[in-house]
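*Asks:* Structure: start38.cif, mmCIF, C-alpha atoms (C1' of nucleotides).
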```cif
data_data
#
loop_
_atom_site.label_atom_id
_atom_site.label_comp_id
_atom_site.auth_asym_id
_atom_site.auth_seq_id
_atom_site.Cartn_x
_atom_site.Cartn_y
_atom_site.Cartn_z
CA MET U 505 -29.03 102.03 -118.22
CA GLU U 506 -30.61 101.03 -121.47
CA THR U 507 -32.24 104.38 -122.03
CA THR U 508 -28.99 106.25 -121.71
CA TRP U 509 -27.95 105.04 -125.17
CA GLU U 510 -30.73 107.11 -126.66
CA HIS U 511 -29.38 110.26 -125.08
CA ARG U 512 -25.85 109.45 -126.03
CA LEU U 513 -26.79 108.79 -129.62
CA ARG U 514 -28.83 111.95 -129.88
CA SER U 515 -26.21 114.16 -128.32
CA ALA U 516 -23.76 112.83 -130.86
CA GLY U 517 -26.15 113.93 -133.59
CA LEU U 518 -27.18 110.39 -134.45
CA ARG U 519 -30.65 109.01 -134.87
CA VAL U 520 -31.89 106.35 -132.51
CA THR U 521 -32.49 103.16 -134.45
CA ARG U 522 -32.99 99.51 -133.69
CA PRO U 523 -29.71 98.34 -135.27
CA ARG U 524 -27.77 100.91 -133.26
CA LEU U 525 -29.36 99.96 -129.98
CA SER U 526 -28.74 96.29 -130.73
CA VAL U 527 -25.08 96.88 -131.47
CA LEU U 528 -24.68 99.02 -128.36
CA GLY U 529 -26.29 96.25 -126.37
CA VAL U 530 -23.78 93.74 -127.67
CA LEU U 531 -20.87 96.07 -127.01
CA ALA U 532 -22.06 96.57 -123.45
CA GLU U 533 -21.85 92.84 -122.82
CA HIS U 534 -18.59 91.97 -124.56
CA SER U 535 -15.54 94.05 -123.88
CA HIS U 536 -13.62 93.63 -127.15
CA VAL U 537 -15.53 92.29 -130.15
CA ASP U 538 -15.05 92.16 -133.88
CA ALA U 539 -17.69 93.21 -136.38
CA ASP U 540 -18.64 89.66 -137.26
CA THR U 541 -19.25 88.61 -133.66
CA ILE U 542 -21.27 91.75 -133.11
CA ALA U 543 -23.42 90.94 -136.14
CA THR U 544 -24.06 87.42 -134.90
CA ALA U 545 -24.89 88.53 -131.38
CA ALA U 546 -27.03 91.43 -132.54
CA ARG U 547 -29.10 89.08 -134.67
CA VAL U 548 -30.43 87.46 -131.50
CA VAL U 549 -32.25 90.66 -130.73
CA HIS U 550 -32.71 91.95 -134.27
CA PRO U 551 -32.61 89.04 -136.72
CA SER U 552 -32.76 91.02 -139.93
CA ILE U 553 -29.65 93.11 -139.31
CA SER U 554 -27.17 92.90 -142.18
CA PRO U 555 -23.38 92.78 -141.89
CA GLN U 556 -23.11 96.06 -143.74
CA ALA U 557 -25.48 97.68 -141.30
CA VAL U 558 -23.13 96.60 -138.52
CA TYR U 559 -20.17 98.19 -140.29
CA GLY U 560 -22.19 101.33 -140.81
CA VAL U 561 -23.37 101.47 -137.22
CA LEU U 562 -19.87 100.91 -135.89
CA LYS U 563 -18.47 103.64 -138.08
CA ALA U 564 -21.17 105.99 -136.83
CA LEU U 565 -20.52 105.06 -133.19
CA VAL U 566 -16.78 105.53 -133.55
CA GLY U 567 -17.31 108.81 -135.39
CA GLY U 568 -19.67 110.01 -132.67
CA GLY U 569 -17.26 109.08 -129.91
CA LEU U 570 -19.46 106.35 -128.42
CA ALA U 571 -17.11 103.52 -129.31
CA ARG U 572 -13.44 103.00 -129.98
CA ARG U 573 -11.88 100.87 -132.65
CA ILE U 574 -8.63 98.99 -132.15
CA GLU U 575 -6.78 97.01 -134.79
CA PRO U 576 -4.31 94.51 -133.39
CA ALA U 577 -1.87 93.41 -136.09
CA GLY U 578 -3.02 90.31 -137.90
CA ALA U 579 -6.58 90.31 -136.61
CA PRO U 580 -9.86 91.94 -137.58
CA ALA U 581 -10.69 95.25 -135.91
CA LEU U 582 -12.19 95.15 -132.42
CA TYR U 583 -14.63 97.60 -130.86
CA GLU U 584 -15.11 98.69 -127.27
CA LEU U 585 -17.28 101.17 -125.41
CA ARG U 586 -14.57 102.43 -123.08
CA VAL U 587 -13.82 105.79 -124.59
CA GLY U 588 -12.24 109.02 -123.52
CA ASP U 589 -9.42 107.72 -121.41
CA ASN U 590 -6.62 106.75 -123.72
CA HIS U 591 -6.10 103.33 -122.18
CA HIS U 592 -4.04 100.56 -123.73
CA HIS U 593 -4.34 96.87 -124.47
CA LEU U 594 -2.84 93.49 -123.70
CA VAL U 595 -3.21 91.03 -126.55
CA CYS U 596 -2.69 87.29 -126.29
CA ARG U 597 -0.58 85.89 -129.13
CA GLU U 598 -2.28 82.54 -128.84
CA CYS U 599 -6.00 83.16 -128.58
CA GLY U 600 -6.24 86.82 -129.48
CA ASP U 601 -7.88 87.70 -126.20
CA VAL U 602 -7.66 91.36 -125.26
CA ALA U 603 -7.53 93.03 -121.85
CA ASP U 604 -7.50 96.70 -120.94
CA VAL U 605 -4.59 98.37 -119.19
CA ASP U 606 -4.51 101.81 -117.75
CA CYS U 607 -1.80 104.00 -119.12
CA ALA U 608 1.51 102.82 -117.75
CA VAL U 609 3.33 106.12 -117.83
CA GLY U 610 1.81 108.86 -115.73
CA ALA U 611 -1.50 110.46 -116.54
CA ALA U 612 -1.86 112.06 -119.92
CA PRO U 613 0.50 109.51 -121.11
CA CYS U 614 3.29 108.35 -123.03
CA LEU U 615 2.30 111.00 -125.47
CA THR U 616 5.87 112.18 -125.65
CA PRO U 617 8.26 110.29 -127.87
CA SER U 618 11.92 110.98 -127.12
CA ASP U 619 12.35 112.55 -130.54
CA ALA U 620 9.29 113.52 -132.51
CA ALA U 621 11.12 113.96 -135.82
CA GLY U 622 9.01 117.00 -136.65
CA PHE U 623 5.71 115.22 -136.02
CA VAL U 624 2.88 116.77 -134.01
CA VAL U 625 1.74 113.80 -131.96
CA ASP U 626 -1.85 113.60 -130.74
CA GLU U 627 -2.16 110.00 -129.64
CA ALA U 628 0.03 107.22 -128.36
CA GLU U 629 -1.22 103.73 -128.95
CA VAL U 630 0.33 100.96 -126.90
CA VAL U 631 -0.15 97.26 -127.40
CA PHE U 632 1.41 94.73 -125.04
CA TRP U 633 1.88 91.32 -126.65
CA GLY U 634 2.09 88.15 -124.62
CA LEU U 635 0.23 85.12 -123.37
CA CYS U 636 -2.97 85.30 -121.37
CA ALA U 637 -3.34 83.27 -118.19
CA GLY U 638 -5.41 80.58 -119.85
CA CYS U 639 -2.98 80.02 -122.71
CA GLN U 640 -0.03 79.84 -120.32
CA VAL U 641 -1.71 76.91 -118.62
CA ALA U 642 -2.52 75.26 -121.95
CA ARG U 643 1.11 75.60 -123.03
CA ARG U 644 2.40 73.95 -119.91
CA GLN U 645 -0.05 71.08 -120.15
CA HIS U 646 1.00 70.32 -123.69
CA GLY U 647 4.64 70.16 -122.58
CA TYR U 648 5.87 73.18 -124.48
CA GLY U 649 7.61 74.65 -121.44
CA ALA U 650 7.09 78.27 -120.56
CA GLY U 651 8.68 79.79 -123.65
CA ILE U 652 6.70 81.97 -125.98
CA ALA U 653 6.90 81.35 -129.69
CA ILE U 654 7.56 84.79 -131.03
CA ARG U 655 5.27 85.75 -133.87
CA GLY U 656 6.75 84.42 -137.07
CA GLY U 657 9.29 82.08 -135.57
CA ALA U 658 12.99 82.32 -134.76
CA THR U 659 14.45 84.88 -132.41
CA ALA U 660 17.98 85.24 -133.80
CA MET T 1403 27.98 95.83 -147.80
CA GLU T 1404 26.10 93.96 -150.43
CA THR T 1405 27.86 90.68 -149.67
CA THR T 1406 26.87 90.80 -146.03
CA TRP T 1407 23.33 89.85 -146.96
CA GLU T 1408 24.59 86.46 -148.08
CA HIS T 1409 26.08 85.80 -144.68
CA ARG T 1410 23.04 87.04 -142.87
CA LEU T 1411 20.74 84.87 -144.93
CA ARG T 1412 22.91 81.81 -144.47
CA SER T 1413 23.31 82.23 -140.76
CA ALA T 1414 19.54 82.43 -140.50
CA GLY T 1415 19.39 79.07 -142.26
CA LEU T 1416 18.04 80.59 -145.47
CA ARG T 1417 19.29 80.01 -148.99
CA VAL T 1418 20.73 82.87 -150.94
CA THR T 1419 18.50 83.62 -153.90
CA ARG T 1420 18.04 86.42 -156.36
CA PRO T 1421 14.54 87.39 -155.13
CA ARG T 1422 15.79 87.60 -151.56
CA LEU T 1423 18.76 89.75 -152.45
CA SER T 1424 16.53 92.02 -154.53
CA VAL T 1425 14.07 92.46 -151.70
CA LEU T 1426 16.87 93.12 -149.21
CA GLY T 1427 18.27 95.69 -151.61
CA VAL T 1428 14.95 97.49 -151.72
CA LEU T 1429 14.56 97.36 -147.94
CA ALA T 1430 18.04 98.85 -147.52
CA GLU T 1431 17.02 101.87 -149.58
CA HIS T 1432 13.55 102.53 -148.22
CA SER T 1433 13.01 102.64 -144.48
CA HIS T 1434 9.37 101.57 -144.23
CA VAL T 1435 7.83 99.90 -147.28
CA ASP T 1436 4.79 97.81 -148.03
CA ALA T 1437 4.88 94.56 -149.96
CA ASP T 1438 3.51 96.09 -153.13
CA THR T 1439 6.10 98.86 -153.28
CA ILE T 1440 8.81 96.31 -152.61
CA ALA T 1441 7.57 94.17 -155.50
CA THR T 1442 7.58 97.14 -157.87
CA ALA T 1443 11.02 98.31 -156.82
CA ALA T 1444 12.47 94.81 -156.86
CA ARG T 1445 11.27 94.34 -160.42
CA VAL T 1446 13.76 96.96 -161.57
CA VAL T 1447 16.55 94.58 -160.66
CA HIS T 1448 14.70 91.28 -161.10
CA PRO T 1449 11.81 91.79 -163.54
CA SER T 1450 10.30 88.33 -163.26
CA ILE T 1451 9.68 88.42 -159.51
CA SER T 1452 6.08 87.65 -158.58
CA PRO T 1453 4.03 89.30 -155.85
CA GLN T 1454 3.72 85.97 -154.05
CA ALA T 1455 7.45 85.56 -154.10
CA VAL T 1456 7.72 88.91 -152.34
CA TYR T 1457 5.28 87.77 -149.66
CA GLY T 1458 7.23 84.55 -149.28
CA VAL T 1459 10.57 86.30 -149.09
CA LEU T 1460 9.30 88.79 -146.55
CA LYS T 1461 7.87 86.06 -144.38
CA ALA T 1462 11.21 84.25 -144.52
CA LEU T 1463 13.13 87.42 -143.66
CA VAL T 1464 10.86 88.24 -140.74
CA GLY T 1465 11.03 84.63 -139.55
CA GLY T 1466 14.80 84.68 -139.79
CA GLY T 1467 15.08 87.92 -137.87
CA LEU T 1468 16.44 89.94 -140.80
CA ALA T 1469 13.41 92.15 -141.11
CA ARG T 1470 10.59 93.41 -138.97
CA ARG T 1471 6.97 93.77 -139.88
CA ILE T 1472 4.76 96.54 -138.57
CA GLU T 1473 1.05 96.92 -139.20
CA PRO T 1474 -0.28 100.39 -138.61
CA ALA T 1475 -4.07 100.32 -138.28
CA GLY T 1476 -5.82 100.88 -141.57
CA ALA T 1477 -2.80 100.42 -143.80
CA PRO T 1478 -1.01 97.51 -145.41
CA ALA T 1479 1.89 95.99 -143.48
CA LEU T 1480 5.27 97.71 -143.67
CA TYR T 1481 8.69 96.15 -143.47
CA GLU T 1482 11.98 97.49 -142.16
CA LEU T 1483 15.49 96.16 -141.67
CA ARG T 1484 16.05 97.77 -138.28
CA VAL T 1485 15.75 94.77 -136.01
CA GLY T 1486 16.77 93.76 -132.53
CA ASP T 1487 16.18 97.01 -130.72
CA ASN T 1488 12.51 97.22 -129.93
CA HIS T 1489 12.09 100.72 -131.28
CA HIS T 1490 8.77 102.39 -131.94
CA HIS T 1491 7.06 104.36 -134.69
CA LEU T 1492 5.54 107.70 -135.51
CA VAL T 1493 2.80 107.47 -138.11
CA CYS T 1494 1.34 110.40 -140.02
CA ARG T 1495 -2.46 110.35 -140.14
CA GLU T 1496 -2.46 112.25 -143.40
CA CYS T 1497 0.12 110.65 -145.64
CA GLY T 1498 0.92 107.46 -143.75
CA ASP T 1499 4.57 108.32 -143.52
CA VAL T 1500 6.45 106.47 -140.78
CA ALA T 1501 9.45 107.52 -138.71
CA ASP T 1502 11.42 105.57 -136.14
CA VAL T 1503 11.59 106.58 -132.49
CA ASP T 1504 13.83 105.14 -129.87
CA CYS T 1505 12.04 103.76 -126.89
CA ALA T 1506 10.70 106.64 -124.84
CA VAL T 1507 10.73 104.94 -121.47
CA GLY T 1508 14.12 103.83 -120.25
CA ALA T 1509 16.04 101.02 -121.86
CA ALA T 1510 14.36 97.67 -122.02
CA PRO T 1511 11.22 99.54 -122.28
CA CYS T 1512 7.76 100.12 -121.54
CA LEU T 1513 7.52 96.39 -121.22
CA THR T 1514 5.72 96.75 -117.94
CA PRO T 1515 2.04 97.51 -118.00
CA SER T 1516 0.70 98.82 -114.71
CA ASP T 1517 -1.47 95.73 -114.34
CA ALA T 1518 -0.78 92.73 -116.50
CA ALA T 1519 -4.08 90.98 -115.80
CA GLY T 1520 -2.36 87.62 -115.64
CA PHE T 1521 -0.62 88.05 -118.99
CA VAL T 1522 3.04 87.23 -119.54
CA VAL T 1523 4.15 90.15 -121.66
CA ASP T 1524 7.06 89.77 -124.06
CA GLU T 1525 6.76 92.84 -126.26
CA ALA T 1526 5.41 96.34 -126.06
CA GLU T 1527 4.46 97.93 -129.33
CA VAL T 1528 4.05 101.68 -129.38
CA VAL T 1529 2.63 103.76 -132.20
CA PHE T 1530 2.52 107.54 -132.01
CA TRP T 1531 -0.14 109.04 -134.26
CA GLY T 1532 0.09 112.57 -135.54
CA LEU T 1533 0.98 114.79 -138.45
CA CYS T 1534 4.37 114.79 -140.11
CA ALA T 1535 6.18 118.04 -140.79
CA GLY T 1536 5.19 118.11 -144.45
CA CYS T 1537 1.50 117.57 -143.81
CA GLN T 1538 1.45 120.27 -141.12
CA VAL T 1539 2.63 122.74 -143.71
CA ALA T 1540 0.08 121.50 -146.24
CA ARG T 1541 -2.71 121.89 -143.66
CA ARG T 1542 -1.76 125.45 -142.90
CA GLN T 1543 -1.56 126.42 -146.55
CA HIS T 1544 -5.03 125.09 -147.20
CA GLY T 1545 -6.38 127.18 -144.34
CA TYR T 1546 -7.38 124.33 -142.07
CA GLY T 1547 -5.69 125.82 -139.05
CA ALA T 1548 -3.47 123.67 -136.89
CA GLY T 1549 -6.15 121.26 -135.70
CA ILE T 1550 -5.90 117.58 -136.42
CA ALA T 1551 -8.91 115.75 -137.78
CA ILE T 1552 -9.04 112.70 -135.59
CA ARG T 1553 -9.35 109.48 -137.54
CA GLY T 1554 -13.00 108.85 -138.15
CA GLY T 1555 -14.29 112.33 -137.49
CA ALA T 1556 -15.78 114.07 -134.47
CA THR T 1557 -14.08 114.39 -131.11
CA ALA T 1558 -17.01 114.46 -128.73
"C1'" DC F 422 27.71 66.23 -161.26
"C1'" DC F 423 23.60 64.38 -159.10
"C1'" DC F 424 20.15 64.41 -155.71
"C1'" DT F 425 17.64 66.34 -152.08
"C1'" DT F 426 15.38 70.03 -150.36
"C1'" DC F 427 14.05 74.58 -150.26
"C1'" DT F 428 12.24 78.34 -152.98
"C1'" DC F 429 9.80 80.47 -156.72
"C1'" DT F 430 5.93 80.75 -160.21
"C1'" DT F 431 1.26 80.44 -161.39
"C1'" DG F 432 -3.34 80.75 -160.31
"C1'" DA F 433 -7.31 80.07 -157.40
"C1'" DC F 434 -9.13 81.57 -153.22
"C1'" DT F 435 -10.32 83.80 -148.50
"C1'" DC F 436 -11.41 87.37 -145.46
"C1'" DA F 437 -12.35 92.02 -143.88
"C1'" DG F 438 -14.09 95.79 -145.30
"C1'" DT F 439 -15.93 99.39 -148.86
"C1'" DC F 440 -19.03 101.47 -152.42
"C1'" DA F 441 -23.49 102.43 -154.56
"C1'" DA F 442 -28.57 102.33 -155.44
"C1'" DG F 443 -32.71 102.12 -153.71
"C1'" DA F 444 -36.14 100.95 -149.93
"C1'" DC F 445 -37.23 102.34 -145.46
"C1'" DA F 446 -37.71 104.60 -141.04
"C1'" DA F 447 -36.67 108.59 -137.71
"C1'" DC F 448 -37.55 113.07 -136.57
"C1'" DC F 449 -39.25 117.93 -137.59
"C1'" DG F 450 -42.84 120.80 -138.67
"C1'" DG F 451 -47.42 121.74 -139.13
"C1'" DC E 103 -51.71 112.77 -135.97
"C1'" DC E 104 -49.78 113.19 -140.70
"C1'" DG E 105 -46.64 114.28 -144.48
"C1'" DG E 106 -41.98 115.51 -146.08
"C1'" DT E 107 -37.07 115.55 -145.56
"C1'" DT E 108 -33.09 113.41 -144.61
"C1'" DG E 109 -30.36 110.11 -142.45
"C1'" DT E 110 -30.08 105.05 -142.08
"C1'" DC E 111 -30.55 100.24 -143.47
"C1'" DT E 112 -30.78 96.41 -147.03
"C1'" DT E 113 -29.10 94.18 -150.93
"C1'" DG E 114 -25.52 92.98 -153.80
"C1'" DA E 115 -21.30 93.81 -156.34
"C1'" DC E 116 -16.64 94.83 -155.62
"C1'" DT E 117 -11.69 95.87 -153.86
"C1'" DG E 118 -7.25 95.02 -151.71
"C1'" DA E 119 -4.18 92.52 -148.89
"C1'" DG E 120 -2.76 88.39 -148.08
"C1'" DT E 121 -2.99 83.00 -148.02
"C1'" DC E 122 -2.97 78.21 -149.86
"C1'" DA E 123 -1.53 74.57 -153.02
"C1'" DA E 124 0.69 72.21 -156.97
"C1'" DG E 125 4.28 71.87 -159.69
"C1'" DA E 126 8.56 73.81 -161.99
"C1'" DG E 127 12.97 75.27 -160.89
"C1'" DA E 128 17.19 76.43 -158.48
"C1'" DA E 129 20.68 76.07 -154.21
"C1'" DG E 130 24.03 73.64 -152.24
"C1'" DG E 131 25.64 69.18 -149.78
"C1'" DG E 132 27.73 64.90 -150.99
#
```
Please rewrite the model in this file as structure tokens.

*Replies:*
Amino acid sequence: METTWEHRLRSAGLRVTRPRLSVLGVLAEHSHVDADTIATAARVVHPSISPQAVYGVLKALVGGGLARRIEPAGAPALYELRVGDNHHHLVCRECGDVADVDCAVGAAPCLTPSDAAGFVVDEAEVVFWGLCAGCQVARRQHGYGAGIAIRGGATA
Amino acid sequence: METTWEHRLRSAGLRVTRPRLSVLGVLAEHSHVDADTIATAARVVHPSISPQAVYGVLKALVGGGLARRIEPAGAPALYELRVGDNHHHLVCRECGDVADVDCAVGAAPCLTPSDAAGFVVDEAEVVFWGLCAGCQVARRQHGYGAGIAIRGGATA
DNA sequence: CCCTTCTCTTGACTCAGTCAAGACAACCGG
DNA sequence: CCGGTTGTCTTGACTGAGTCAAGAGAAGGG
């Protein structure tokens, strides 16, 4: 399973290097990680790796189609290896945890807005906001009831 | 129509101030604007307004339900006055232009992922990425064909 | 009109990410 | 197996968007 990365890198026209393999290793273990966490985790295997190298590697991986970048509002970008299917994400408002969801609407998906206003659409990005299971429990234990504090406060 | 802002501010529990009215004025004229553009435009009417004041005002407006904040990946946050309906957005990859779209899936919308993984979902955010009409024309004139360069480069 | 409280100004600061120059290592060819 | 080319990594300075905090200044209730 480890050796496959070499092939994948090469067939994307990328050289096989230690930093890249380290980053891929980290991505394989954590499903949605930010650049900083990747850097920290990669340093276990490759201590001299610099933050900028991580940014560079991630850009290369995304460009080569080996990784996907998502940017939930108000949080640093996250990277994942699941590529090719245009799946979507559940994001927890409390802890920022992210889970994958398969496309809710049919197969090739939700790619059809009701009125495209002259746009040629090539991707539909869906983010479901809510509370993850763990944070629901925490809320209840702290006596906040089941309500969700909508981002930014009041709800008219 | 101008005086309505006073009511809206007050009923959200916010004081009526010159900076707030200026910002609301700008938002009423531009459909999707970033904080910096708002500051510049507001300065026409209220020259002494500071960037931080704009951030503060916008946070207050969003908190009070008078404005909505959207954060397209890779671009500064945008603000709009259209609130209450959970509509979605078309974003142009080329020029960053944004257009509104009514919810594509039924009424209360797309709020149901196929598998919620234990999350309690309270909002579904949809962003359609593509090329706006203007940029399609520009592409063709420069001889790039009709293809869309996917963000970040290659497409496997 | 005064007082309380919220809001604005000013200015320092954080965080995520980019840019650039040079050292270094991966791969191709011999 | 070795050298040269070119892509990649390291180091370090920098940008841009937004936050935090202290104090001056208004908004609006009494």

*Asks:* Output the coordinates of chain U after least-squares fitting to chain T on all in-order C-alpha pairs, as a CSV table (one decimal) with C-alpha atoms, in the coordinates of the input.

*Replies:*
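Result file follows (out_6.csv):
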```csv
chain,number,residue,atom,x,y,z
U,505,MET,CA,27.9,95.9,-147.7
U,506,GLU,CA,26.1,93.9,-150.4
U,507,THR,CA,27.9,90.7,-149.6
U,508,THR,CA,26.9,90.8,-146.0
U,509,TRP,CA,23.3,89.8,-146.9
U,510,GLU,CA,24.6,86.4,-148.0
U,511,HIS,CA,26.1,85.8,-144.6
U,512,ARG,CA,23.0,87.0,-142.8
U,513,LEU,CA,20.7,84.8,-144.9
U,514,ARG,CA,22.9,81.8,-144.5
U,515,SER,CA,23.3,82.2,-140.8
U,516,ALA,CA,19.5,82.4,-140.5
U,517,GLY,CA,19.3,79.0,-142.3
U,518,LEU,CA,18.0,80.5,-145.5
U,519,ARG,CA,19.3,80.0,-149.0
U,520,VAL,CA,20.7,82.9,-151.0
U,521,THR,CA,18.5,83.6,-153.9
U,522,ARG,CA,18.1,86.4,-156.4
U,523,PRO,CA,14.6,87.4,-155.2
U,524,ARG,CA,15.8,87.6,-151.6
U,525,LEU,CA,18.8,89.8,-152.4
U,526,SER,CA,16.6,92.0,-154.5
U,527,VAL,CA,14.1,92.5,-151.7
U,528,LEU,CA,16.9,93.1,-149.2
U,529,GLY,CA,18.3,95.7,-151.6
U,530,VAL,CA,15.0,97.5,-151.7
U,531,LEU,CA,14.6,97.4,-147.9
U,532,ALA,CA,18.1,98.8,-147.5
U,533,GLU,CA,17.1,101.9,-149.5
U,534,HIS,CA,13.6,102.5,-148.2
U,535,SER,CA,13.0,102.6,-144.5
U,536,HIS,CA,9.4,101.6,-144.2
U,537,VAL,CA,7.8,99.9,-147.3
U,538,ASP,CA,4.8,97.8,-148.0
U,539,ALA,CA,4.9,94.6,-150.0
U,540,ASP,CA,3.5,96.1,-153.1
U,541,THR,CA,6.1,98.9,-153.3
U,542,ILE,CA,8.8,96.3,-152.6
U,543,ALA,CA,7.6,94.2,-155.5
U,544,THR,CA,7.6,97.2,-157.8
U,545,ALA,CA,11.1,98.3,-156.8
U,546,ALA,CA,12.5,94.8,-156.8
U,547,ARG,CA,11.3,94.4,-160.4
U,548,VAL,CA,13.8,97.0,-161.5
U,549,VAL,CA,16.6,94.6,-160.6
U,550,HIS,CA,14.8,91.4,-161.1
U,551,PRO,CA,11.9,91.9,-163.5
U,552,SER,CA,10.3,88.4,-163.3
U,553,ILE,CA,9.7,88.5,-159.5
U,554,SER,CA,6.1,87.7,-158.6
U,555,PRO,CA,4.1,89.3,-155.9
U,556,GLN,CA,3.7,86.0,-154.1
U,557,ALA,CA,7.5,85.6,-154.2
U,558,VAL,CA,7.7,88.9,-152.4
U,559,TYR,CA,5.3,87.8,-149.7
U,560,GLY,CA,7.2,84.6,-149.3
U,561,VAL,CA,10.6,86.3,-149.1
U,562,LEU,CA,9.3,88.8,-146.6
U,563,LYS,CA,7.9,86.0,-144.4
U,564,ALA,CA,11.2,84.2,-144.6
U,565,LEU,CA,13.1,87.4,-143.7
U,566,VAL,CA,10.9,88.2,-140.8
U,567,GLY,CA,11.0,84.6,-139.6
U,568,GLY,CA,14.8,84.6,-139.8
U,569,GLY,CA,15.1,87.9,-137.9
U,570,LEU,CA,16.4,89.9,-140.8
U,571,ALA,CA,13.4,92.1,-141.1
U,572,ARG,CA,10.6,93.4,-139.0
U,573,ARG,CA,7.0,93.7,-139.9
U,574,ILE,CA,4.7,96.5,-138.6
U,575,GLU,CA,1.0,96.9,-139.2
U,576,PRO,CA,-0.3,100.4,-138.6
U,577,ALA,CA,-4.1,100.3,-138.3
U,578,GLY,CA,-5.8,100.9,-141.5
U,579,ALA,CA,-2.8,100.4,-143.8
U,580,PRO,CA,-1.0,97.5,-145.4
U,581,ALA,CA,1.9,96.0,-143.5
U,582,LEU,CA,5.3,97.7,-143.7
U,583,TYR,CA,8.7,96.1,-143.5
U,584,GLU,CA,12.0,97.5,-142.2
U,585,LEU,CA,15.5,96.2,-141.7
U,586,ARG,CA,16.1,97.7,-138.3
U,587,VAL,CA,15.7,94.7,-136.0
U,588,GLY,CA,16.7,93.8,-132.5
U,589,ASP,CA,16.2,97.0,-130.7
U,590,ASN,CA,12.5,97.2,-129.9
U,591,HIS,CA,12.1,100.7,-131.3
U,592,HIS,CA,8.7,102.4,-132.0
U,593,HIS,CA,7.1,104.4,-134.7
U,594,LEU,CA,5.5,107.7,-135.5
U,595,VAL,CA,2.8,107.5,-138.1
U,596,CYS,CA,1.3,110.4,-140.0
U,597,ARG,CA,-2.5,110.3,-140.2
U,598,GLU,CA,-2.5,112.2,-143.4
U,599,CYS,CA,0.1,110.6,-145.7
U,600,GLY,CA,0.9,107.4,-143.8
U,601,ASP,CA,4.6,108.3,-143.5
U,602,VAL,CA,6.4,106.5,-140.8
U,603,ALA,CA,9.4,107.5,-138.7
U,604,ASP,CA,11.4,105.6,-136.1
U,605,VAL,CA,11.6,106.6,-132.5
U,606,ASP,CA,13.8,105.1,-129.9
U,607,CYS,CA,12.0,103.7,-126.9
U,608,ALA,CA,10.7,106.6,-124.9
U,609,VAL,CA,10.7,104.9,-121.5
U,610,GLY,CA,14.1,103.8,-120.3
U,611,ALA,CA,16.1,101.0,-121.9
U,612,ALA,CA,14.4,97.7,-122.1
U,613,PRO,CA,11.2,99.5,-122.3
U,614,CYS,CA,7.8,100.1,-121.5
U,615,LEU,CA,7.5,96.4,-121.2
U,616,THR,CA,5.7,96.8,-118.0
U,617,PRO,CA,2.0,97.5,-118.0
U,618,SER,CA,0.7,98.8,-114.7
U,619,ASP,CA,-1.5,95.7,-114.4
U,620,ALA,CA,-0.8,92.7,-116.5
U,621,ALA,CA,-4.1,91.0,-115.8
U,622,GLY,CA,-2.4,87.6,-115.6
U,623,PHE,CA,-0.6,88.1,-119.0
U,624,VAL,CA,3.1,87.3,-119.5
U,625,VAL,CA,4.2,90.2,-121.7
U,626,ASP,CA,7.1,89.8,-124.1
U,627,GLU,CA,6.8,92.8,-126.3
U,628,ALA,CA,5.4,96.4,-126.1
U,629,GLU,CA,4.4,97.9,-129.3
U,630,VAL,CA,4.0,101.7,-129.4
U,631,VAL,CA,2.6,103.7,-132.2
U,632,PHE,CA,2.5,107.5,-132.0
U,633,TRP,CA,-0.2,109.0,-134.3
U,634,GLY,CA,0.0,112.6,-135.6
U,635,LEU,CA,1.0,114.8,-138.5
U,636,CYS,CA,4.3,114.8,-140.2
U,637,ALA,CA,6.1,118.0,-140.8
U,638,GLY,CA,5.2,118.1,-144.5
U,639,CYS,CA,1.5,117.5,-143.9
U,640,GLN,CA,1.4,120.2,-141.2
U,641,VAL,CA,2.6,122.7,-143.8
U,642,ALA,CA,0.0,121.5,-146.3
U,643,ARG,CA,-2.7,121.9,-143.8
U,644,ARG,CA,-1.8,125.4,-143.0
U,645,GLN,CA,-1.6,126.4,-146.7
U,646,HIS,CA,-5.1,125.0,-147.3
U,647,GLY,CA,-6.4,127.2,-144.5
U,648,TYR,CA,-7.4,124.3,-142.2
U,649,GLY,CA,-5.7,125.9,-139.2
U,650,ALA,CA,-3.5,123.7,-137.1
U,651,GLY,CA,-6.1,121.3,-135.8
U,652,ILE,CA,-5.9,117.6,-136.5
U,653,ALA,CA,-8.9,115.8,-137.7
U,654,ILE,CA,-9.0,112.8,-135.5
U,655,ARG,CA,-9.4,109.5,-137.3
U,656,GLY,CA,-13.1,109.0,-137.9
U,657,GLY,CA,-14.3,112.4,-137.2
U,658,ALA,CA,-15.8,114.1,-134.1
U,659,THR,CA,-14.0,114.4,-130.8
U,660,ALA,CA,-17.0,114.5,-128.4
```

*Asks:* Check every residue of chain U for an atom within 9 Å of chain F, counting all atoms listed in the file, and provide those that qualify as a VMD selection string.

*Replies:* chain U and resid 519 to 521 559 580 to 581

*Asks:* Please evaluate the PyMOL selection byres ((chain E) within 10 of (chain U)) against the structure above and give the resulting residues as a ChimeraX atom specification.

*Replies:* /E:109-113

*Asks:* Just write the chosen residues, C-alpha atoms (C1' of nucleotides), as a short mmCIF file (atom, residue, chain, number, x, y, z; two decimals), in the coordinates of the input.

*Replies:*
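Contents of the output file selection_16.cif:
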```
data_model
loop_
_atom_site.label_atom_id
_atom_site.label_comp_id
_atom_site.auth_asym_id
_atom_site.auth_seq_id
_atom_site.Cartn_x
_atom_site.Cartn_y
_atom_site.Cartn_z
"C1'" DG E 109 -30.36 110.11 -142.45
"C1'" DT E 110 -30.08 105.05 -142.08
"C1'" DC E 111 -30.55 100.24 -143.47
"C1'" DT E 112 -30.78 96.41 -147.03
"C1'" DT E 113 -29.10 94.18 -150.93
#
```
